[in-house]
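K.L.:
The structure under discussion is supplied below as structure tokens; questions concerning it will follow.
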Amino acid sequence: RQLIDKAFRNRFGRMGIITSTLQPVDAIPLEYREDRKRIESIREVFIAETGTAADAYEKLVEEFTFTLFNRLAALKVMEAHTMHPEIVTRRSQHGDRSFAHLHWLELNPEGRDEEQEGLVRFMEDQLTALSADIPLFSPHYPYHLLPTAIELNGIINAFNQVEGDTQVESDIWRSDDVLGWLYESYNNAKKAAHKDSGAKIEFNNVSLRSQTYTPRWVVKFLVDNSLGKLYLEMYPDSVIKEKYKIANAPKKQTRERKPLTEIRFIDPATGSANFLLYGFDLFYDLYTDQIDNYGADYDENKIPELIIQHNLHGIDLDDRAVQLAQLGLYIKAKRKKRSDKIEHFNVVSSDFFLPKY
């Protein structure tokens with residue numbers, strides 16, 4: 001986080017965007033002017049929202065920093081699940097490059113003469129290719145920007161050092177809750193600073209002070225004994241009671257049966273979606289149980305899409321948490337069925353600003 005934060009402050013400085021002022025556009029290099037114009041418009045909205053140019057600048061840095069952080073974290077998770085060739089993870093057999101970077105250099109040999117072997121252009125190409133499925137990766141995303149090649153190289157190295165830490169499990173990137181863990185760690189410094197300041201909890205920092213990571217066992221207990229129990233009330237003889245720990249499992253039907261697509265599961269404080277991610281797994285087993293044991297005509301290949309579109313709902317007042325929640329659900333769904341595009345998520349943010357004009 002600190003490396004990315006510093007990189008974007010440097011980047012904005014080269015674009016003439018300073019803490020409280022803007023340098024004239026004609027004083028900055030031509031290659032920065034298009035991005036400068038785009039970021040200026042975002043800055044104006046942030047000034048209206050925060051009240052000062054200095055606060056708007058800090059919000060700019062934070063949004064761009066978190067976006068790159070999320071992008072790289074998502075790539076690491078997707079690579080761990082072999083969802084695409086490695087883009088971020090580097091290996092000695094590829095000359096300490098990623099497999100995708102080595103392949104890109106074979107197709108773009110002129111990149112070898114560019115800084116860090118064309119690292120920035122390589123990453124732009126990879127993000128663009130993935131953006132058809134994940135809008136966060138799009139070059140048209142509002143907070144799309146990459147640091148210099150040297151800074152980006154250092155940031156990627158830092159991400160790759162995570163699995164080399166002896167205090168971290170070797171398969172950490174395969175964990176369902178790794179994005180939530182990263183989100184909590186990312187915010188720890190700001191949470192501590194706000195607490196130490198003694199400042200009041202205003203509307204714009206409620207999410208910072210209210211973040212609480214829910215342990216996995218708590219998630220399992222609550223979901224098993226709400227969604228799981230509801231299902232057993234409709235299908236008391238279901239085999240799911242053998243897999244999930246459901247207290248006082250009903251022995252006879254006590255609830256009218258309905259199609260699974262009509263069952264809604266909502267987390268009103270979604271965060272990074274720990275409850276929804278576990279709920280996805282349980283819903284998946286419920287759909288397969290319906291197909292295997294109750295004659296339901298659901299298409300097994302469509303189960304991930306059905307769960308995302310019909311069953312899982314969430315809302316959070318932190319836009320960045322929702323960004324992570326959608327990424328986590330996307331990865332979860334694609335691990336089950338990789339060919340279909342996930343068109344829509346029912347996980348939304350209540351973090352928005354309405355200008356006075």
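So you can find residues: chains in the structure tokens are A, B, ... in the order shown, residues in each start at 1, and ligands are numbered from 1 in order.
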Within 8 Å of Phe64 in chain A, counting only C-alpha atoms, which residues qualify if same-chain residues fewer than 4 places away don't, as a ChimeraX atom specification?

P.N.:
/A:8,60,68,143-145

K.L.:
Using N, CA and C atoms, can you write the selected residues to a file as an mmCIF file, in the first residue's frame?

P.N.:
```cif
data_model
loop_
_atom_site.group_PDB
_atom_site.id
_atom_site.type_symbol
_atom_site.label_atom_id
_atom_site.label_comp_id
_atom_site.auth_asym_id
_atom_site.auth_seq_id
_atom_site.Cartn_x
_atom_site.Cartn_y
_atom_site.Cartn_z
ATOM 1 N N PHE A 8 1.846 6.883 -6.872
ATOM 2 C CA PHE A 8 0.832 7.757 -7.464
ATOM 3 C C PHE A 8 1.045 9.222 -7.083
ATOM 4 N N LEU A 60 -8.041 11.394 -4.177
ATOM 5 C CA LEU A 60 -7.540 10.935 -5.474
ATOM 6 C C LEU A 60 -6.468 9.858 -5.286
ATOM 7 N N LEU A 68 -5.299 -0.054 -7.991
ATOM 8 C CA LEU A 68 -4.159 -0.865 -8.420
ATOM 9 C C LEU A 68 -3.917 -2.007 -7.442
ATOM 10 N N TYR A 143 -10.487 5.149 -12.361
ATOM 11 C CA TYR A 143 -9.221 5.258 -11.629
ATOM 12 C C TYR A 143 -8.121 4.412 -12.253
ATOM 13 N N HIS A 144 -8.197 4.250 -13.575
ATOM 14 C CA HIS A 144 -7.145 3.505 -14.278
ATOM 15 C C HIS A 144 -5.916 4.382 -14.479
ATOM 16 N N LEU A 145 -4.790 3.891 -13.990
ATOM 17 C CA LEU A 145 -3.509 4.566 -14.181
ATOM 18 C C LEU A 145 -2.441 3.612 -13.655
#
```

K.L.:
Quick one: residues within 8 Å of range 261-271 of chain A, only C-alpha atoms counted, chain neighbours fewer than 5 positions away excluded, as JSON, numbers by chain?

P.N.:
{"A": [180, 211, 227, 276, 279, 306, 307, 310, 311, 312, 313, 314, 315, 316, 317, 318, 321, 322, 325]}

K.L.:
Keeping only all heavy atoms, write the selected residues as a compact mmCIF listing (two decimals), in the first residue's frame.

P.N.:
```txt
# COMPACT_ATOMS: atom_id res chain seq x y z
N GLY A 180 -10.47 -10.41 1.62
CA GLY A 180 -10.94 -9.75 2.84
C GLY A 180 -9.82 -9.48 3.82
O GLY A 180 -9.76 -8.43 4.46
N GLN A 211 -15.33 -1.42 10.26
CA GLN A 211 -14.89 -2.66 9.63
C GLN A 211 -14.50 -3.71 10.68
O GLN A 211 -13.71 -3.43 11.57
CB GLN A 211 -13.68 -2.40 8.73
CG GLN A 211 -14.01 -1.57 7.51
CD GLN A 211 -12.77 -0.98 6.89
OE1 GLN A 211 -11.66 -1.31 7.26
NE2 GLN A 211 -12.95 -0.08 5.95
N LEU A 227 -29.59 -20.26 6.05
CA LEU A 227 -29.90 -20.79 4.71
C LEU A 227 -30.00 -22.31 4.73
O LEU A 227 -30.94 -22.89 4.17
CB LEU A 227 -28.82 -20.34 3.73
CG LEU A 227 -28.91 -20.90 2.31
CD1 LEU A 227 -30.23 -20.52 1.66
CD2 LEU A 227 -27.73 -20.42 1.47
N LEU A 276 -21.19 -13.97 1.65
CA LEU A 276 -21.70 -14.30 0.32
C LEU A 276 -20.86 -15.40 -0.33
O LEU A 276 -21.39 -16.26 -1.03
CB LEU A 276 -21.73 -13.06 -0.56
CG LEU A 276 -22.64 -11.92 -0.11
CD1 LEU A 276 -22.66 -10.81 -1.16
CD2 LEU A 276 -24.07 -12.41 0.15
N GLY A 279 -21.87 -18.49 1.24
CA GLY A 279 -23.22 -18.76 0.77
C GLY A 279 -23.23 -19.32 -0.63
O GLY A 279 -24.07 -20.16 -0.97
N LEU A 306 -26.77 -18.74 -12.04
CA LEU A 306 -28.04 -18.67 -11.30
C LEU A 306 -27.82 -18.12 -9.90
O LEU A 306 -28.60 -17.29 -9.41
CB LEU A 306 -28.68 -20.06 -11.22
CG LEU A 306 -29.21 -20.66 -12.52
CD1 LEU A 306 -29.67 -22.09 -12.30
CD2 LEU A 306 -30.36 -19.82 -13.07
N ILE A 307 -26.76 -18.58 -9.24
CA ILE A 307 -26.49 -18.12 -7.88
C ILE A 307 -26.19 -16.63 -7.85
O ILE A 307 -26.73 -15.88 -7.01
CB ILE A 307 -25.30 -18.91 -7.28
CG1 ILE A 307 -25.67 -20.39 -7.14
CG2 ILE A 307 -24.90 -18.33 -5.92
CD1 ILE A 307 -24.50 -21.28 -6.74
N HIS A 310 -29.54 -14.63 -9.04
CA HIS A 310 -30.80 -14.78 -8.31
C HIS A 310 -30.66 -14.84 -6.79
O HIS A 310 -31.54 -14.34 -6.08
CB HIS A 310 -31.53 -16.04 -8.79
CG HIS A 310 -31.95 -16.00 -10.22
ND1 HIS A 310 -33.03 -15.27 -10.67
CD2 HIS A 310 -31.43 -16.62 -11.30
CE1 HIS A 310 -33.17 -15.44 -11.97
NE2 HIS A 310 -32.19 -16.24 -12.39
N ASN A 311 -29.62 -15.45 -6.30
CA ASN A 311 -29.59 -15.78 -4.88
C ASN A 311 -28.82 -14.82 -3.99
O ASN A 311 -29.25 -14.55 -2.86
CB ASN A 311 -29.00 -17.19 -4.70
CG ASN A 311 -29.77 -18.26 -5.44
OD1 ASN A 311 -29.23 -18.96 -6.28
ND2 ASN A 311 -31.07 -18.39 -5.15
N LEU A 312 -27.68 -14.33 -4.47
CA LEU A 312 -26.80 -13.55 -3.60
C LEU A 312 -26.99 -12.05 -3.78
O LEU A 312 -26.91 -11.54 -4.90
CB LEU A 312 -25.34 -13.93 -3.86
CG LEU A 312 -24.98 -15.40 -3.60
CD1 LEU A 312 -23.50 -15.62 -3.87
CD2 LEU A 312 -25.33 -15.82 -2.17
N HIS A 313 -27.22 -11.36 -2.66
CA HIS A 313 -27.44 -9.91 -2.68
C HIS A 313 -26.63 -9.28 -1.55
O HIS A 313 -26.45 -9.88 -0.49
CB HIS A 313 -28.92 -9.58 -2.49
CG HIS A 313 -29.80 -10.16 -3.55
ND1 HIS A 313 -30.34 -9.40 -4.57
CD2 HIS A 313 -30.23 -11.43 -3.75
CE1 HIS A 313 -31.07 -10.18 -5.34
NE2 HIS A 313 -31.02 -11.42 -4.88
N GLY A 314 -26.14 -8.07 -1.79
CA GLY A 314 -25.39 -7.40 -0.74
C GLY A 314 -25.31 -5.92 -0.98
O GLY A 314 -25.48 -5.43 -2.11
N ILE A 315 -25.06 -5.18 0.10
CA ILE A 315 -24.87 -3.73 0.01
C ILE A 315 -23.86 -3.32 1.07
O ILE A 315 -23.78 -3.94 2.14
CB ILE A 315 -26.22 -2.98 0.21
CG1 ILE A 315 -26.04 -1.48 -0.04
CG2 ILE A 315 -26.80 -3.24 1.60
CD1 ILE A 315 -27.34 -0.71 -0.13
N ASP A 316 -23.07 -2.32 0.75
CA ASP A 316 -22.10 -1.81 1.72
C ASP A 316 -21.90 -0.32 1.47
O ASP A 316 -22.06 0.16 0.34
CB ASP A 316 -20.76 -2.54 1.60
CG ASP A 316 -19.92 -2.39 2.85
OD1 ASP A 316 -19.23 -1.37 3.00
OD2 ASP A 316 -19.97 -3.30 3.70
N LEU A 317 -21.56 0.41 2.53
CA LEU A 317 -21.36 1.85 2.37
C LEU A 317 -19.94 2.20 1.93
O LEU A 317 -19.60 3.37 1.77
CB LEU A 317 -21.72 2.60 3.66
CG LEU A 317 -21.19 2.12 4.99
CD1 LEU A 317 -19.72 2.39 5.15
CD2 LEU A 317 -21.98 2.74 6.13
N ASP A 318 -19.12 1.18 1.73
CA ASP A 318 -17.75 1.39 1.23
C ASP A 318 -17.65 0.83 -0.18
O ASP A 318 -17.71 -0.38 -0.40
CB ASP A 318 -16.75 0.68 2.15
CG ASP A 318 -15.30 1.01 1.79
OD1 ASP A 318 -15.06 1.50 0.67
OD2 ASP A 318 -14.42 0.76 2.63
N ALA A 321 -14.99 -1.84 -0.74
CA ALA A 321 -15.33 -3.17 -0.24
C ALA A 321 -16.20 -3.90 -1.25
O ALA A 321 -16.03 -5.11 -1.49
CB ALA A 321 -16.05 -3.07 1.10
N VAL A 322 -17.13 -3.18 -1.86
CA VAL A 322 -18.01 -3.79 -2.87
C VAL A 322 -17.18 -4.22 -4.08
O VAL A 322 -17.45 -5.27 -4.70
CB VAL A 322 -19.12 -2.81 -3.27
CG1 VAL A 322 -19.88 -3.30 -4.50
CG2 VAL A 322 -20.09 -2.61 -2.11
N ALA A 325 -15.78 -7.43 -3.11
CA ALA A 325 -16.83 -8.44 -3.04
C ALA A 325 -17.17 -8.97 -4.42
O ALA A 325 -17.29 -10.19 -4.63
CB ALA A 325 -18.08 -7.85 -2.37
```

K.L.:
Would you list the contacts of Ala74 in chain A as a list in words, taking every protein, DNA or RNA residue within 9 Å and counting only C-alpha atoms, but skipping same-chain residues closer than 3 positions in sequence?

P.N.:
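The filter keeps Phe69, Asn70, Arg71, Val77, Met78, Glu79, Leu179, Leu324, Leu327, Gly328 and Ile331 of chain A.
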
K.L.:
The selected residues should be written to file as a CSV table (one decimal), in the first residue's frame (atoms: N, CA and C atoms).

P.N.:
```csv
chain,number,residue,atom,x,y,z
A,69,PHE,N,-4.1,-1.7,-6.2
A,69,PHE,CA,-3.9,-2.8,-5.1
A,69,PHE,C,-4.9,-3.9,-5.4
A,70,ASN,N,-6.1,-3.6,-5.7
A,70,ASN,CA,-7.2,-4.6,-5.9
A,70,ASN,C,-6.9,-5.4,-7.2
A,71,ARG,N,-6.5,-4.7,-8.2
A,71,ARG,CA,-6.2,-5.3,-9.5
A,71,ARG,C,-5.1,-6.4,-9.3
A,77,VAL,N,-4.8,-13.9,-7.1
A,77,VAL,CA,-5.8,-15.0,-6.7
A,77,VAL,C,-6.2,-15.8,-7.9
A,78,MET,N,-6.4,-15.1,-9.0
A,78,MET,CA,-6.8,-15.8,-10.3
A,78,MET,C,-5.7,-16.7,-10.8
A,79,GLU,N,-4.4,-16.3,-10.6
A,79,GLU,CA,-3.3,-17.1,-11.0
A,79,GLU,C,-3.2,-18.3,-10.1
A,179,LEU,N,-8.9,-11.9,0.0
A,179,LEU,CA,-9.1,-10.5,-0.4
A,179,LEU,C,-9.7,-9.7,0.8
A,324,LEU,N,-14.2,-5.3,-4.0
A,324,LEU,CA,-13.6,-6.6,-3.6
A,324,LEU,C,-14.6,-7.7,-3.6
A,327,LEU,N,-15.3,-8.9,-7.1
A,327,LEU,CA,-14.1,-9.7,-7.5
A,327,LEU,C,-14.1,-11.1,-7.0
A,328,GLY,N,-14.3,-11.2,-5.7
A,328,GLY,CA,-14.3,-12.5,-5.0
A,328,GLY,C,-15.4,-13.4,-5.6
A,331,ILE,N,-14.5,-14.6,-9.1
A,331,ILE,CA,-13.5,-15.6,-9.1
A,331,ILE,C,-14.1,-16.9,-8.6
```

K.L.:
Identify which of the residues A:Met83, A:Leu105, A:Ile150, A:Leu232 lies closest to Lys336 in chain A, counting only C-alpha atoms when measuring atom-to-atom distances.

P.N.:
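Among A:Met83, A:Leu105, A:Ile150, A:Leu232, it is A:Met83 that comes nearest to Lys336 in chain A.
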
K.L.:
When distances are computed from only C-alpha atoms, which of A:Phe12, A:Tyr287, A:Phe66, A:Tyr244 shows the smallest separation from Asp35 in chain A?

P.N.:
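So, comparing all the options, the nearest one is A:Phe12.
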
K.L.:
Which polymer residues have any atom within 12 Å of an atom of Glu242 in chain A, counting only C-alpha atoms, with same-chain residues fewer than 3 positions away left out, as a list in words?

P.N.:
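The residues satisfying every condition are Asp224, Gly228, Leu232, Pro236, Asp237, Ser238, Val239, Lys245, Ile246, Ala247, Ala249 and Asp285 of chain A.
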
K.L.:
Find the residue from A:Ala80, A:Val162, A:Leu127, A:Leu119 that sits nearest to Ser175 in chain A; use only C-alpha atoms when measuring.

P.N.:
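Residue with the minimum atom-to-atom distance to Ser175 in chain A: A:Ala80.
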
K.L.:
Any chance you could list, as a CSV table (one decimal) with C-alpha atoms, in the first residue's frame, the residues in range 91-135 of chain A that come up helix (DSSP H, G or I) when DSSP is run on the backbone?

P.N.:
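out-v5.csv was written with the following content:
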```csv
chain,number,residue,atom,x,y,z
A,92,SER,CA,13.2,-18.3,-12.4
A,93,GLN,CA,12.5,-20.6,-15.3
A,94,HIS,CA,11.1,-17.6,-17.2
A,99,PHE,CA,5.0,-16.6,-18.0
A,100,ALA,CA,2.7,-14.0,-19.7
A,101,HIS,CA,5.4,-11.4,-19.8
A,102,LEU,CA,7.8,-13.8,-21.4
A,103,HIS,CA,5.2,-14.7,-24.0
A,104,TRP,CA,4.4,-11.1,-24.6
A,105,LEU,CA,8.0,-10.3,-25.3
A,106,GLU,CA,8.1,-13.1,-27.9
A,107,LEU,CA,5.2,-11.3,-29.7
A,109,PRO,CA,10.4,-8.2,-29.2
A,110,GLU,CA,10.8,-4.4,-29.3
A,111,GLY,CA,9.6,-4.4,-25.6
A,112,ARG,CA,13.0,-5.7,-24.5
A,113,ASP,CA,14.5,-2.3,-25.2
A,115,GLU,CA,12.1,0.2,-19.4
A,116,GLN,CA,11.7,-3.0,-17.4
A,117,GLU,CA,11.2,-4.8,-20.7
A,119,LEU,CA,6.4,-3.8,-18.2
A,120,VAL,CA,3.9,-0.9,-18.3
A,121,ARG,CA,2.8,-1.7,-21.9
A,122,PHE,CA,2.6,-5.4,-21.0
A,123,MET,CA,0.4,-4.7,-18.0
A,124,GLU,CA,-1.8,-2.4,-20.0
A,125,ASP,CA,-2.3,-5.1,-22.7
A,126,GLN,CA,-3.1,-7.8,-20.0
A,127,LEU,CA,-5.6,-5.6,-18.2
A,128,THR,CA,-7.3,-4.7,-21.4
A,129,ALA,CA,-7.6,-8.3,-22.4
A,130,LEU,CA,-9.2,-9.2,-19.1
A,135,PRO,CA,-14.7,-3.9,-15.6
```
